[in-house]
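Notes for the one structure printed next.
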Amino acid sequence: MQQVFDYLKQYQKRFLAEFCDYLRFPSVSAQSKHDKDLLACAEWLVAHCRQIGLNAAIRPTKGHPIVVAKTPRGKSKAKRPHFLVYGHYDVQPPEPLELWKTPPFEPRIVGREIFARGSTDNKGQNFAHLKAVEAYLKTGTLLPCDLTFVIEGEEEVGSESLSDFLIKNSRELVCDAVVISDTGMPSLKHPALTYSLRGIIAFEITLHGPARDLHSGVFGGAVENPALALANLLSQVRDKNGRITIPGFYDGVAPFSKFEREQAARFPLKDSELKKLLGPPQLFGERGFTATEQRSARPTFEINGLTSGYQGEGSKTIVPSWARAKITCRLVPNQNPEHVRKVVCGYLKKICPPTVRMEINAGHGAEAYFVPPTGKEVQAALRALKKSFGHEPILMREGGSIPIVNEFKKVLGADTLLLGIGLPDDNAHSPNEKFNLGCFENGQRMSAYLWQELTA
Ligand code: BES
Ligand code: MN
């Protein structure tokens, strides 16, 4: 094993150059103008996987292609443990571009940070796993298990193609466990295993008013203003205590156990630090819950985008013809996504005034994920985290979503080890996203240890 760690140490400079190549692809899955860039990124990944000794192929889908790469399988018929390493090469839209200190797809290294869209979410995290396996293969060190990497291009838009792919290729992908580094940890001194993620439903609502934008002086007052109607509608979904008022929204939500509350209270990022990190005048959240609880284990209703009327320079006096909101709700264990979608959309329709016409477009959806962190694989992962980061790891719940994790369980029967190596100030989904090089290096070592610990 020493050779593996020596190899990792020796080639960090080259790894960084390769990582920059990976980051240069503007693989924005939400924007169709980037379809070719996603394909090019997937092709680059396949070539890279082959170069490090994996058997890799592009697997086309109806949407963006999936990259599947396998460690060479031995000749012996004896059954070896098999782990699937999942990641995604697609990234979130980089907008607003003017807030980036340097362009999002021109990686920039400053001290121990590398800035680029996709650096922490998720290219850096999955690349760390690839570099670990490269170290095994290039030093001729025996891997104690078979590995299959599945790196997809639609995670940031709901993983629909991968969902079909899993069902069609389940025999090939059946495994003992799935390993994913696509979450976070509180600090370099607090490596973490995440045992729960929130689920999600996404949809878009549009209110249609007059047939075209109107002169607000000539007609304003006699027609409904769709922007105001939308603001009025959306203002009714939450009360002043931060509780969602939509009937049925909380159906099934389990109350916190004492254990859960104690765990959340031990989370090392305090409210004051969170406020400083995020910069609002004041924190806000559902009364009766701490910030850690609110952002990891309570459901939410969020407006992700709100558009209507004139957005350009100066003023323009119109009654807009329409208003639109992009909305997602985060879900927690035991909430059913389709049920929540039904009650939320039903409620919005019910309170919609007759002066506008409501159109709702359904988006993706996924259940929350929760696996009690007690199994022997979790223990093995905790040992690998401790050895690689040099600190006692913590167990945590996270508020983000990885839509495919529940399907790994349903289709492949496999639990997932969520071993994220992102930091709270990485700016995932925000301008100036970055990844810490200490996380990158320790992440490679964590991956190298993991295969030993999982098979010990
Ligand atoms: N890496 C995130 C998920 C994440 C981040 C989990 C931090 C826990 C902590 C992932 O790439 C992501 O952003 N997923 C989307 C999924 C959605 C678009 C279906 C999300 O959570 O918004
Ligand atoms: Mn993401």
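Convention: chains lettered A, B, ... in structure tokens order; per-chain residue numbering from 1; ligands numbered from 1 as shown.
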
Quick one: which chain A residues come within 12 Å of ligand 2, and what is the nearest atom pair for each with the distance in Å to one decimal, counting only C-alpha atoms and all ligand atoms, rows ordered by chain and ascending number, as CSV?
residue,atom,partner,partner_atom_place_in_ligand_line,distance
A:Val28,CA,ligand 2,1 (Mn),10.9
A:Ser29,CA,ligand 2,1 (Mn),10.9
A:Ala30,CA,ligand 2,1 (Mn),11.6
A:Gly87,CA,ligand 2,1 (Mn),10.7
A:His88,CA,ligand 2,1 (Mn),9.0
A:Tyr89,CA,ligand 2,1 (Mn),10.2
A:Asp90,CA,ligand 2,1 (Mn),8.6
A:Val91,CA,ligand 2,1 (Mn),6.7
A:Gln92,CA,ligand 2,1 (Mn),6.3
A:Pro93,CA,ligand 2,1 (Mn),10.0
A:Pro94,CA,ligand 2,1 (Mn),11.6
A:Arg117,CA,ligand 2,1 (Mn),10.2
A:Gly118,CA,ligand 2,1 (Mn),8.1
A:Ser119,CA,ligand 2,1 (Mn),10.5
A:Thr120,CA,ligand 2,1 (Mn),8.8
A:Asp121,CA,ligand 2,1 (Mn),5.3
A:Asn122,CA,ligand 2,1 (Mn),7.0
A:Lys123,CA,ligand 2,1 (Mn),10.4
A:Gln125,CA,ligand 2,1 (Mn),11.7
A:Gly153,CA,ligand 2,1 (Mn),11.5
A:Glu154,CA,ligand 2,1 (Mn),10.3
A:Glu155,CA,ligand 2,1 (Mn),7.4
A:Glu156,CA,ligand 2,1 (Mn),5.6
A:Val157,CA,ligand 2,1 (Mn),9.2
A:Gly158,CA,ligand 2,1 (Mn),10.3
A:Ser159,CA,ligand 2,1 (Mn),11.7
A:Ser181,CA,ligand 2,1 (Mn),11.7
A:Asp182,CA,ligand 2,1 (Mn),7.9
A:Thr183,CA,ligand 2,1 (Mn),8.9
A:Gly184,CA,ligand 2,1 (Mn),11.1
A:Gly399,CA,ligand 2,1 (Mn),11.6
A:Gly400,CA,ligand 2,1 (Mn),8.0
A:Ser401,CA,ligand 2,1 (Mn),8.2
A:Ile402,CA,ligand 2,1 (Mn),8.3
A:Pro403,CA,ligand 2,1 (Mn),10.8
A:Gly422,CA,ligand 2,1 (Mn),11.1
A:Asp426,CA,ligand 2,1 (Mn),11.5
A:Asn427,CA,ligand 2,1 (Mn),10.4
A:Ala428,CA,ligand 2,1 (Mn),6.6
A:His429,CA,ligand 2,1 (Mn),6.3
A:Ser430,CA,ligand 2,1 (Mn),10.0
A:Glu433,CA,ligand 2,1 (Mn),10.9

- Task: Find the spatial neighbours of stretch 330-339 of chain A, counting only C-alpha atoms, within a cut-off of 7 Å - ignore same-chain residues fewer than 3 positions away - and output them as a list in words.
- Result: Arg198, Gly199, Ile200, Ile201, Asp251, Gly252, Val253, Ala297, Arg298, Pro299, Thr300, Phe301, Lys342, Val343, Gly365, Ala366, Glu367, Ala368, Tyr369 and Phe370 of chain A

- Message: Calculated over only C-alpha atoms, which of the candidates A:Ala323, A:Leu395, A:Leu137, A:Val85 has the smallest distance to A:Ala264?
- Response: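 Selected residue with least distance to A:Ala264: A:Leu395.
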
- Atomic separation - atom CA of A:Leu97 relative to atom CA of A:Gly312, Å: 16.3 Å

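Between atom CA of A:Ala135 and atom CA of A:Leu8 there is a distance of 6.3 Å.
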
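With only C-alpha atoms as the atoms that count, the minimum distance from A:Ala47 to the choices A:Asn169, A:Glu18, A:Glu398, A:Tyr250 is reached by A:Glu18.
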
- Write down as a list of chain:residue names the residues belonging to stretch 110-224 of chain A that are assigned alpha helix (DSSP H) by DSSP computed on the backbone.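 Secondary structure check on stretch 110-224 of chain A, alpha helix (DSSP H): A:Gly124, A:Gln125, A:Asn126, A:Phe127, A:Ala128, A:His129, A:Leu130, A:Lys131, A:Ala132, A:Val133, A:Glu134, A:Ala135, A:Tyr136, A:Leu137, A:Lys138, A:Thr139, A:Glu160, A:Ser161, A:Leu162, A:Ser163, A:Asp164, A:Phe165, A:Leu166, A:Ile167, A:Lys168, A:Ser170, A:Arg171, A:Glu172, A:Leu173.
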
Can I get the selection written as an mmCIF file, in the first residue's frame, with C-alpha atoms?
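Contents of part-v7.cif, freshly written:
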data_model
loop_
_atom_site.group_PDB
_atom_site.id
_atom_site.type_symbol
_atom_site.label_atom_id
_atom_site.label_comp_id
_atom_site.auth_asym_id
_atom_site.auth_seq_id
_atom_site.Cartn_x
_atom_site.Cartn_y
_atom_site.Cartn_z
ATOM 1 C CA GLY A 124 -13.109 17.280 -8.032
ATOM 2 C CA GLN A 125 -14.795 14.764 -5.781
ATOM 3 C CA ASN A 126 -15.192 12.049 -8.393
ATOM 4 C CA PHE A 127 -11.750 12.737 -9.848
ATOM 5 C CA ALA A 128 -10.200 12.025 -6.433
ATOM 6 C CA HIS A 129 -11.605 8.481 -6.632
ATOM 7 C CA LEU A 130 -10.245 8.045 -10.155
ATOM 8 C CA LYS A 131 -6.764 9.130 -9.043
ATOM 9 C CA ALA A 132 -6.823 6.599 -6.184
ATOM 10 C CA VAL A 133 -7.641 3.747 -8.512
ATOM 11 C CA GLU A 134 -4.979 4.985 -10.931
ATOM 12 C CA ALA A 135 -2.442 4.680 -8.120
ATOM 13 C CA TYR A 136 -3.418 1.042 -7.552
ATOM 14 C CA LEU A 137 -3.353 0.169 -11.230
ATOM 15 C CA LYS A 138 -0.134 2.002 -12.130
ATOM 16 C CA THR A 139 1.839 0.616 -9.185
ATOM 17 C CA GLU A 160 -33.815 10.594 -15.365
ATOM 18 C CA SER A 161 -31.691 8.738 -17.919
ATOM 19 C CA LEU A 162 -29.620 7.021 -15.252
ATOM 20 C CA SER A 163 -32.815 5.810 -13.674
ATOM 21 C CA ASP A 164 -33.734 3.874 -16.858
ATOM 22 C CA PHE A 165 -30.126 2.803 -17.326
ATOM 23 C CA LEU A 166 -30.000 1.195 -13.878
ATOM 24 C CA ILE A 167 -33.074 -0.901 -14.568
ATOM 25 C CA LYS A 168 -31.837 -2.009 -17.994
ATOM 26 C CA SER A 170 -28.927 -3.986 -13.247
ATOM 27 C CA ARG A 171 -27.168 -7.348 -13.743
ATOM 28 C CA GLU A 172 -23.975 -5.618 -14.721
ATOM 29 C CA LEU A 173 -24.192 -3.104 -11.895
#

- Message: Can you pull out the residues contacting A:Pro247? Cut-off 10 Å, using only C-alpha atoms, and skip same-chain residues under 6 positions away; I want them as a PyMOL selection string.
- Response: chain A and resi 237+340+343-344+346-347

- Message: I need the residue nearest ligand 1 from this list: A:Lys387, A:Lys410, A:Lys350, A:His364. Use only C-alpha atoms and all ligand atoms for the distance.
- Response: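 Counting only C-alpha atoms and all ligand atoms, the residue closest to ligand 1 is A:His364.
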
- Close residues, A:Lys270 itself excluded, 10 Å, only C-alpha atoms, min 6 positions apart in chain, as number ranges by chain: A: 290-292

- Task: Name all residues at most 6 Å from A:Leu54 (count only C-alpha atoms; drop same-chain ones fewer than 4 positions away) and give them as a list in words.
- Result: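 Those residues are Cys49, Arg50, Ala69, Lys70 and Thr71 of chain A.
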
For N, CA and C atoms, I'd like the residues from the last selection saved as an mmCIF file, in the first residue's frame.
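Writing done, so here's part-v6.cif:
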data_model
loop_
_atom_site.group_PDB
_atom_site.id
_atom_site.type_symbol
_atom_site.label_atom_id
_atom_site.label_comp_id
_atom_site.auth_asym_id
_atom_site.auth_seq_id
_atom_site.Cartn_x
_atom_site.Cartn_y
_atom_site.Cartn_z
ATOM 1 N N CYS A 49 -10.101 7.584 -18.370
ATOM 2 C CA CYS A 49 -10.244 6.321 -17.629
ATOM 3 C C CYS A 49 -9.418 5.216 -18.289
ATOM 4 N N ARG A 50 -9.428 5.207 -19.617
ATOM 5 C CA ARG A 50 -8.644 4.183 -20.342
ATOM 6 C C ARG A 50 -7.165 4.381 -20.070
ATOM 7 N N ALA A 69 -16.881 2.846 -16.226
ATOM 8 C CA ALA A 69 -15.468 2.434 -16.276
ATOM 9 C C ALA A 69 -15.220 1.391 -15.202
ATOM 10 N N LYS A 70 -14.542 0.317 -15.610
ATOM 11 C CA LYS A 70 -14.368 -0.807 -14.683
ATOM 12 C C LYS A 70 -12.909 -1.146 -14.494
ATOM 13 N N THR A 71 -12.558 -1.559 -13.300
ATOM 14 C CA THR A 71 -11.213 -2.096 -13.095
ATOM 15 C C THR A 71 -11.142 -3.425 -13.841
#

- Task: Using only C-alpha atoms, determine which residues lie at most 9 Å from A:Phe5, disregarding the query and same-chain residues fewer than 2 positions distant; provide the list as an MDAnalysis selection string.
- Result: chainID A and resid 1:3 7:10 132 135 445 448

Residue selection dump (all heavy atoms) as a short mmCIF file (atom, residue, chain, number, x, y, z; two decimals), in the first residue's frame:
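The resulting result.cif:
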data_model
loop_
_atom_site.label_atom_id
_atom_site.label_comp_id
_atom_site.auth_asym_id
_atom_site.auth_seq_id
_atom_site.Cartn_x
_atom_site.Cartn_y
_atom_site.Cartn_z
N MET A 1 0.81 -1.22 0.00
CA MET A 1 0.00 0.00 0.00
C MET A 1 0.85 1.27 0.00
O MET A 1 0.42 2.30 -0.52
CB MET A 1 -0.92 0.02 1.24
CG MET A 1 -2.19 -0.73 1.05
SD MET A 1 -3.16 -0.10 -0.35
CE MET A 1 -3.86 1.39 0.32
N GLN A 2 2.06 1.16 0.59
CA GLN A 2 2.90 2.35 0.64
C GLN A 2 3.12 2.91 -0.76
O GLN A 2 3.12 4.12 -0.97
CB GLN A 2 4.23 2.02 1.34
CG GLN A 2 5.04 3.26 1.72
CD GLN A 2 4.19 4.29 2.48
OE1 GLN A 2 3.47 3.94 3.40
NE2 GLN A 2 4.26 5.56 2.06
N GLN A 3 3.28 1.97 -1.72
CA GLN A 3 3.51 2.44 -3.11
C GLN A 3 2.36 3.29 -3.62
O GLN A 3 2.57 4.24 -4.37
CB GLN A 3 3.61 1.23 -4.05
CG GLN A 3 4.77 0.31 -3.79
CD GLN A 3 4.54 -0.97 -4.60
OE1 GLN A 3 4.52 -0.95 -5.83
NE2 GLN A 3 4.35 -2.09 -3.90
N TYR A 7 2.83 7.03 -4.80
CA TYR A 7 2.43 7.42 -6.15
C TYR A 7 1.54 8.67 -6.11
O TYR A 7 1.74 9.63 -6.87
CB TYR A 7 1.67 6.26 -6.82
CG TYR A 7 1.25 6.52 -8.25
CD1 TYR A 7 2.02 6.09 -9.32
CD2 TYR A 7 0.05 7.17 -8.54
CE1 TYR A 7 1.63 6.32 -10.65
CE2 TYR A 7 -0.35 7.41 -9.84
CZ TYR A 7 0.44 6.98 -10.89
OH TYR A 7 0.03 7.21 -12.19
N LEU A 8 0.56 8.64 -5.20
CA LEU A 8 -0.35 9.80 -5.09
C LEU A 8 0.44 11.06 -4.77
O LEU A 8 0.20 12.12 -5.33
CB LEU A 8 -1.42 9.54 -4.00
CG LEU A 8 -2.45 8.45 -4.34
CD1 LEU A 8 -3.40 8.22 -3.16
CD2 LEU A 8 -3.27 8.81 -5.59
N LYS A 9 1.39 10.91 -3.87
CA LYS A 9 2.19 12.07 -3.47
C LYS A 9 3.00 12.60 -4.65
O LYS A 9 3.05 13.80 -4.92
CB LYS A 9 3.13 11.63 -2.34
CG LYS A 9 3.50 12.78 -1.44
CD LYS A 9 4.13 12.27 -0.17
CE LYS A 9 4.49 13.47 0.69
NZ LYS A 9 5.10 13.03 1.93
N GLN A 10 3.59 11.66 -5.35
CA GLN A 10 4.51 12.04 -6.42
C GLN A 10 3.85 12.79 -7.58
O GLN A 10 4.46 13.66 -8.18
CB GLN A 10 5.15 10.74 -6.96
CG GLN A 10 6.25 10.99 -7.97
CD GLN A 10 6.88 9.66 -8.42
OE1 GLN A 10 6.60 8.59 -7.87
NE2 GLN A 10 7.72 9.74 -9.43
N ALA A 132 -7.17 7.68 -7.12
CA ALA A 132 -6.82 6.60 -6.18
C ALA A 132 -6.72 5.27 -6.92
O ALA A 132 -5.78 4.49 -6.72
CB ALA A 132 -7.86 6.52 -5.07
N ALA A 135 -3.63 5.01 -8.92
CA ALA A 135 -2.44 4.68 -8.12
C ALA A 135 -2.33 3.17 -7.91
O ALA A 135 -1.23 2.60 -7.98
CB ALA A 135 -2.49 5.42 -6.78
N ARG A 445 -6.58 9.76 -0.85
CA ARG A 445 -6.09 8.79 0.15
C ARG A 445 -7.24 8.07 0.81
O ARG A 445 -7.19 6.87 1.08
CB ARG A 445 -5.21 9.50 1.18
CG ARG A 445 -3.86 9.92 0.58
CD ARG A 445 -3.14 11.06 1.26
NE ARG A 445 -3.53 11.40 2.59
CZ ARG A 445 -3.02 10.86 3.70
NH1 ARG A 445 -2.07 9.95 3.61
NH2 ARG A 445 -3.45 11.23 4.88
N ALA A 448 -8.27 5.37 -1.48
CA ALA A 448 -7.30 4.27 -1.48
C ALA A 448 -7.46 3.39 -0.23
O ALA A 448 -7.44 2.15 -0.31
CB ALA A 448 -5.88 4.83 -1.54
#

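Candidate residues A:Leu274, A:Met185, A:Glu293, A:Lys349 were compared for distance to ligand 1, and the nearest is A:Met185, using only C-alpha atoms and all ligand atoms.
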
Output as a JSON list (two decimals) with N, CA and C atoms, in the first residue's frame all residues of stretch 103-207 of chain A that backbone DSSP marks as strand (DSSP E).
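Result written to out-v1.json:
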[["chain", "number", "residue", "atom", "x", "y", "z"],
["A", 108, "ARG", "N", -8.77, 28.43, -11.94],
["A", 108, "ARG", "CA", -7.76, 29.33, -11.38],
["A", 108, "ARG", "C", -7.39, 28.80, -10.01],
["A", 109, "ILE", "N", -6.08, 28.68, -9.76],
["A", 109, "ILE", "CA", -5.62, 28.17, -8.46],
["A", 109, "ILE", "C", -5.10, 29.34, -7.64],
["A", 110, "VAL", "N", -5.64, 29.47, -6.43],
["A", 110, "VAL", "CA", -5.19, 30.53, -5.52],
["A", 110, "VAL", "C", -4.90, 29.85, -4.20],
["A", 113, "GLU", "N", -6.78, 26.59, -3.06],
["A", 113, "GLU", "CA", -8.13, 26.45, -3.61],
["A", 113, "GLU", "C", -8.07, 26.49, -5.14],
["A", 114, "ILE", "N", -8.96, 25.71, -5.76],
["A", 114, "ILE", "CA", -9.09, 25.80, -7.21],
["A", 114, "ILE", "C", -10.52, 26.24, -7.53],
["A", 115, "PHE", "N", -10.62, 27.34, -8.27],
["A", 115, "PHE", "CA", -11.91, 27.95, -8.57],
["A", 115, "PHE", "C", -12.37, 27.55, -9.97],
["A", 146, "ASP", "N", -13.55, -5.53, -6.97],
["A", 146, "ASP", "CA", -13.82, -4.97, -8.31],
["A", 146, "ASP", "C", -14.53, -3.63, -8.13],
["A", 147, "LEU", "N", -14.19, -2.70, -9.01],
["A", 147, "LEU", "CA", -14.84, -1.39, -8.95],
["A", 147, "LEU", "C", -15.48, -1.06, -10.30],
["A", 148, "THR", "N", -16.66, -0.47, -10.23],
["A", 148, "THR", "CA", -17.29, 0.08, -11.43],
["A", 148, "THR", "C", -17.63, 1.54, -11.16],
["A", 149, "PHE", "N", -17.09, 2.41, -12.01],
["A", 149, "PHE", "CA", -17.40, 3.84, -11.90],
["A", 149, "PHE", "C", -18.57, 4.15, -12.82],
["A", 150, "VAL", "N", -19.57, 4.82, -12.28],
["A", 150, "VAL", "CA", -20.68, 5.30, -13.09],
["A", 150, "VAL", "C", -20.72, 6.81, -12.91],
["A", 151, "ILE", "N", -20.36, 7.52, -13.97],
["A", 151, "ILE", "CA", -20.31, 8.98, -13.88],
["A", 151, "ILE", "C", -21.29, 9.54, -14.91],
["A", 152, "GLU", "N", -22.35, 10.16, -14.40],
["A", 152, "GLU", "CA", -23.45, 10.56, -15.28],
["A", 152, "GLU", "C", -23.45, 12.06, -15.59],
["A", 177, "ALA", "N", -22.07, -2.38, -2.35],
["A", 177, "ALA", "CA", -22.43, -1.05, -1.85],
["A", 177, "ALA", "C", -22.04, -0.02, -2.91],
["A", 178, "VAL", "N", -22.67, 1.14, -2.80],
["A", 178, "VAL", "CA", -22.33, 2.26, -3.68],
["A", 178, "VAL", "C", -21.54, 3.28, -2.85],
["A", 179, "VAL", "N", -20.54, 3.87, -3.47],
["A", 179, "VAL", "CA", -19.76, 4.91, -2.79],
["A", 179, "VAL", "C", -19.93, 6.21, -3.57],
["A", 180, "ILE", "N", -20.31, 7.27, -2.87],
["A", 180, "ILE", "CA", -20.48, 8.57, -3.54],
["A", 180, "ILE", "C", -19.78, 9.66, -2.74],
["A", 192, "ALA", "N", -16.55, 13.55, 7.28],
["A", 192, "ALA", "CA", -17.92, 13.18, 7.64],
["A", 192, "ALA", "C", -18.49, 12.09, 6.75],
["A", 193, "LEU", "N", -19.34, 11.30, 7.37],
["A", 193, "LEU", "CA", -20.17, 10.37, 6.62],
["A", 193, "LEU", "C", -21.61, 10.86, 6.74],
["A", 194, "THR", "N", -22.26, 11.03, 5.61],
["A", 194, "THR", "CA", -23.64, 11.51, 5.58],
["A", 194, "THR", "C", -24.58, 10.33, 5.48],
["A", 195, "TYR", "N", -25.57, 10.28, 6.39],
["A", 195, "TYR", "CA", -26.47, 9.12, 6.38],
["A", 195, "TYR", "C", -27.90, 9.49, 5.97],
["A", 196, "SER", "N", -28.11, 10.75, 5.62],
["A", 196, "SER", "CA", -29.44, 11.14, 5.13],
["A", 196, "SER", "C", -29.35, 12.34, 4.20],
["A", 197, "LEU", "N", -30.16, 12.33, 3.17],
["A", 197, "LEU", "CA", -30.26, 13.45, 2.23],
["A", 197, "LEU", "C", -31.73, 13.83, 2.12],
["A", 199, "GLY", "N", -35.07, 14.80, -0.09],
["A", 199, "GLY", "CA", -35.63, 14.56, -1.41],
["A", 199, "GLY", "C", -36.05, 15.88, -2.02],
["A", 200, "ILE", "N", -36.74, 15.81, -3.14],
["A", 200, "ILE", "CA", -37.05, 17.07, -3.85],
["A", 200, "ILE", "C", -38.24, 16.88, -4.78],
["A", 201, "ILE", "N", -39.02, 17.95, -4.99],
["A", 201, "ILE", "CA", -39.90, 18.02, -6.17],
["A", 201, "ILE", "C", -39.65, 19.37, -6.81],
["A", 202, "ALA", "N", -39.68, 19.40, -8.14],
["A", 202, "ALA", "CA", -39.45, 20.64, -8.87],
["A", 202, "ALA", "C", -40.63, 20.90, -9.79],
["A", 203, "PHE", "N", -41.01, 22.15, -9.92],
["A", 203, "PHE", "CA", -42.02, 22.53, -10.92],
["A", 203, "PHE", "C", -41.93, 24.02, -11.21],
["A", 204, "GLU", "N", -42.62, 24.40, -12.29],
["A", 204, "GLU", "CA", -42.64, 25.80, -12.71],
["A", 204, "GLU", "C", -44.07, 26.25, -12.78],
["A", 205, "ILE", "N", -44.37, 27.40, -12.22],
["A", 205, "ILE", "CA", -45.74, 27.89, -12.37],
["A", 205, "ILE", "C", -45.74, 29.22, -13.11],
["A", 206, "THR", "N", -46.67, 29.31, -14.07],
["A", 206, "THR", "CA", -46.79, 30.54, -14.85],
["A", 206, "THR", "C", -48.21, 31.07, -14.71],
["A", 207, "LEU", "N", -48.33, 32.35, -14.44],
["A", 207, "LEU", "CA", -49.65, 32.99, -14.44],
["A", 207, "LEU", "C", -49.77, 33.83, -15.70]]

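Here the question is which of A:Glu377, A:Glu273, A:Glu302, A:Asp239 gets nearest to ligand 1 using only C-alpha atoms and all ligand atoms, and that residue is A:Glu302.
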
- One decimal, Å: what's the distance from atom CA of A:Thr328 over to atom 5 (C, counted along the ligand's line) of ligand 1, could you say? 14.9 Å

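When only C-alpha atoms are used to measure the gap to A:Phe259, the shortest distance among A:Pro226, A:Glu359, A:Arg243, A:Pro372 belongs to A:Pro372.
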